[in-house]
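Asks: Let me give you the structure first, and then I'll get to my questions.
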Amino acid sequence: MKHARYLLLGAYFGLVLTKSEVVTWHKIRAMFYFREPDLYLIIASAIVVGMLCVWLIRRLHPRTPFGERIEIQPTPMHKGVFYGGFLFGLGWFITGTCPGPIYAQLGGGEMFALFTLLGAMLGTYAFAWLQPRLPD
């Protein structure tokens, strides 16, 4: 019961995503064909909010509720980042969703999202299995 607020907040966020139609397959596909610029504005606003949060975390050095310091480790750029980003974008284009809205799609009754969820889970397990064999 102590985690009910997180469930309610997540349900509310899923409702907002669903009602604004940013998780519908048709709208996402239209974005990739440059017919829906509003989704690009939503993504850009998320990037700005993320940048602001990272800046604040680095500047204010906050702690978790358990007293641990929050640290952001820099990620080195290498060709795996490019290939992973390409595969992520390709999957996003084909399925019409990225991993975050899968649950909002399922909550909205779009049962094809089960295939997307299955693919995301298989991809995660495949990466975990392949990671020790991948070059640095």
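Residues are named by chain letter and number: chains run A, B, ... in the order of the structure tokens, numbers start at 1 in each chain, and ligands are numbered from 1 in the order shown.
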Quick one: DSSP helix (DSSP H, G or I) residues in stretch 18-73 of chain A, as an MDAnalysis selection string?
Replies: chainID A and resid 18:19 25:32 37:60
Asks: Those same residues, written as a compact mmCIF listing (two decimals), in the first residue's frame with C-alpha atoms?
Replies:
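Output contents, as saved in selection_30.txt:
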# COMPACT_ATOMS: atom_id res chain seq x y z
CA THR A 18 -3.26 8.00 -24.04
CA LYS A 19 -5.68 10.96 -24.11
CA TRP A 25 0.67 3.87 -33.64
CA HIS A 26 -0.71 6.12 -36.38
CA LYS A 27 0.50 9.32 -34.74
CA ILE A 28 3.99 7.94 -34.13
CA ARG A 29 4.27 6.65 -37.69
CA ALA A 30 3.12 10.06 -38.95
CA MET A 31 5.90 11.63 -36.88
CA PHE A 32 8.49 9.50 -38.66
CA PRO A 37 5.54 18.02 -35.71
CA ASP A 38 3.86 18.18 -32.30
CA LEU A 39 5.53 14.91 -31.26
CA TYR A 40 8.93 16.41 -32.05
CA LEU A 41 8.06 19.34 -29.78
CA ILE A 42 7.10 16.94 -26.99
CA ILE A 43 10.40 15.06 -27.41
CA ALA A 44 12.33 18.34 -27.46
CA SER A 45 10.63 19.48 -24.25
CA ALA A 46 11.55 16.15 -22.61
CA ILE A 47 15.17 16.65 -23.67
CA VAL A 48 15.21 20.16 -22.19
CA VAL A 49 13.67 18.92 -18.91
CA GLY A 50 16.22 16.08 -18.79
CA MET A 51 19.11 18.46 -19.41
CA LEU A 52 17.86 20.76 -16.67
CA CYS A 53 17.54 17.87 -14.22
CA VAL A 54 21.07 16.61 -15.00
CA TRP A 55 22.43 20.12 -14.56
CA LEU A 56 20.64 20.49 -11.22
CA ILE A 57 21.85 17.09 -10.00
CA ARG A 58 25.46 17.96 -10.88
CA ARG A 59 25.15 21.42 -9.32
CA LEU A 60 23.23 20.64 -6.11
Asks: I want to know what sits within 12 Å of A:Phe88, based on only C-alpha atoms, with residues of the same chain fewer than 2 positions away left out; could you give that as a ChimeraX atom specification?
Replies: /A:80-86,90-99,119-120,123-124
Asks: Do a neighbour search on A:Ala11 at 12 Å with only C-alpha atoms, toss out local chain neighbours closer than 5 positions, and write the hits as a PyMOL selection string.
Replies: chain A and resi 4-6+16-18+101+103-108
Asks: Could those selected residues go to a file with N, CA and C atoms, as an mmCIF file, in the first residue's frame?
Replies:
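Result file follows (selection.cif):
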data_model
loop_
_atom_site.group_PDB
_atom_site.id
_atom_site.type_symbol
_atom_site.label_atom_id
_atom_site.label_comp_id
_atom_site.auth_asym_id
_atom_site.auth_seq_id
_atom_site.Cartn_x
_atom_site.Cartn_y
_atom_site.Cartn_z
ATOM 1 N N ALA A 4 1.386 2.799 -3.431
ATOM 2 C CA ALA A 4 0.190 3.099 -4.218
ATOM 3 C C ALA A 4 0.293 4.453 -4.909
ATOM 4 N N ARG A 5 0.948 5.413 -4.295
ATOM 5 C CA ARG A 5 1.068 6.733 -4.928
ATOM 6 C C ARG A 5 1.852 6.655 -6.235
ATOM 7 N N TYR A 6 2.853 5.759 -6.284
ATOM 8 C CA TYR A 6 3.615 5.604 -7.523
ATOM 9 C C TYR A 6 2.763 4.950 -8.606
ATOM 10 N N VAL A 16 -2.672 10.492 -19.392
ATOM 11 C CA VAL A 16 -2.318 11.705 -20.142
ATOM 12 C C VAL A 16 -1.731 11.336 -21.497
ATOM 13 N N LEU A 17 -0.825 10.359 -21.525
ATOM 14 C CA LEU A 17 -0.234 9.929 -22.797
ATOM 15 C C LEU A 17 -1.297 9.393 -23.750
ATOM 16 N N THR A 18 -2.219 8.609 -23.206
ATOM 17 C CA THR A 18 -3.255 8.005 -24.042
ATOM 18 C C THR A 18 -4.230 9.054 -24.561
ATOM 19 N N PRO A 101 5.940 3.888 -23.565
ATOM 20 C CA PRO A 101 4.481 3.896 -23.735
ATOM 21 C C PRO A 101 3.835 2.533 -23.961
ATOM 22 N N TYR A 103 3.110 0.235 -21.919
ATOM 23 C CA TYR A 103 2.112 -0.024 -20.886
ATOM 24 C C TYR A 103 0.892 0.879 -21.061
ATOM 25 N N ALA A 104 1.110 2.111 -21.517
ATOM 26 C CA ALA A 104 -0.020 3.000 -21.784
ATOM 27 C C ALA A 104 -0.841 2.448 -22.947
ATOM 28 N N GLN A 105 -0.167 1.900 -23.956
ATOM 29 C CA GLN A 105 -0.894 1.293 -25.071
ATOM 30 C C GLN A 105 -1.706 0.094 -24.599
ATOM 31 N N LEU A 106 -1.096 -0.743 -23.774
ATOM 32 C CA LEU A 106 -1.821 -1.898 -23.250
ATOM 33 C C LEU A 106 -3.004 -1.450 -22.397
ATOM 34 N N GLY A 107 -2.798 -0.433 -21.566
ATOM 35 C CA GLY A 107 -3.892 0.095 -20.744
ATOM 36 C C GLY A 107 -4.998 0.699 -21.577
ATOM 37 N N GLY A 108 -4.648 1.205 -22.770
ATOM 38 C CA GLY A 108 -5.639 1.771 -23.671
ATOM 39 C C GLY A 108 -6.314 0.734 -24.548
#
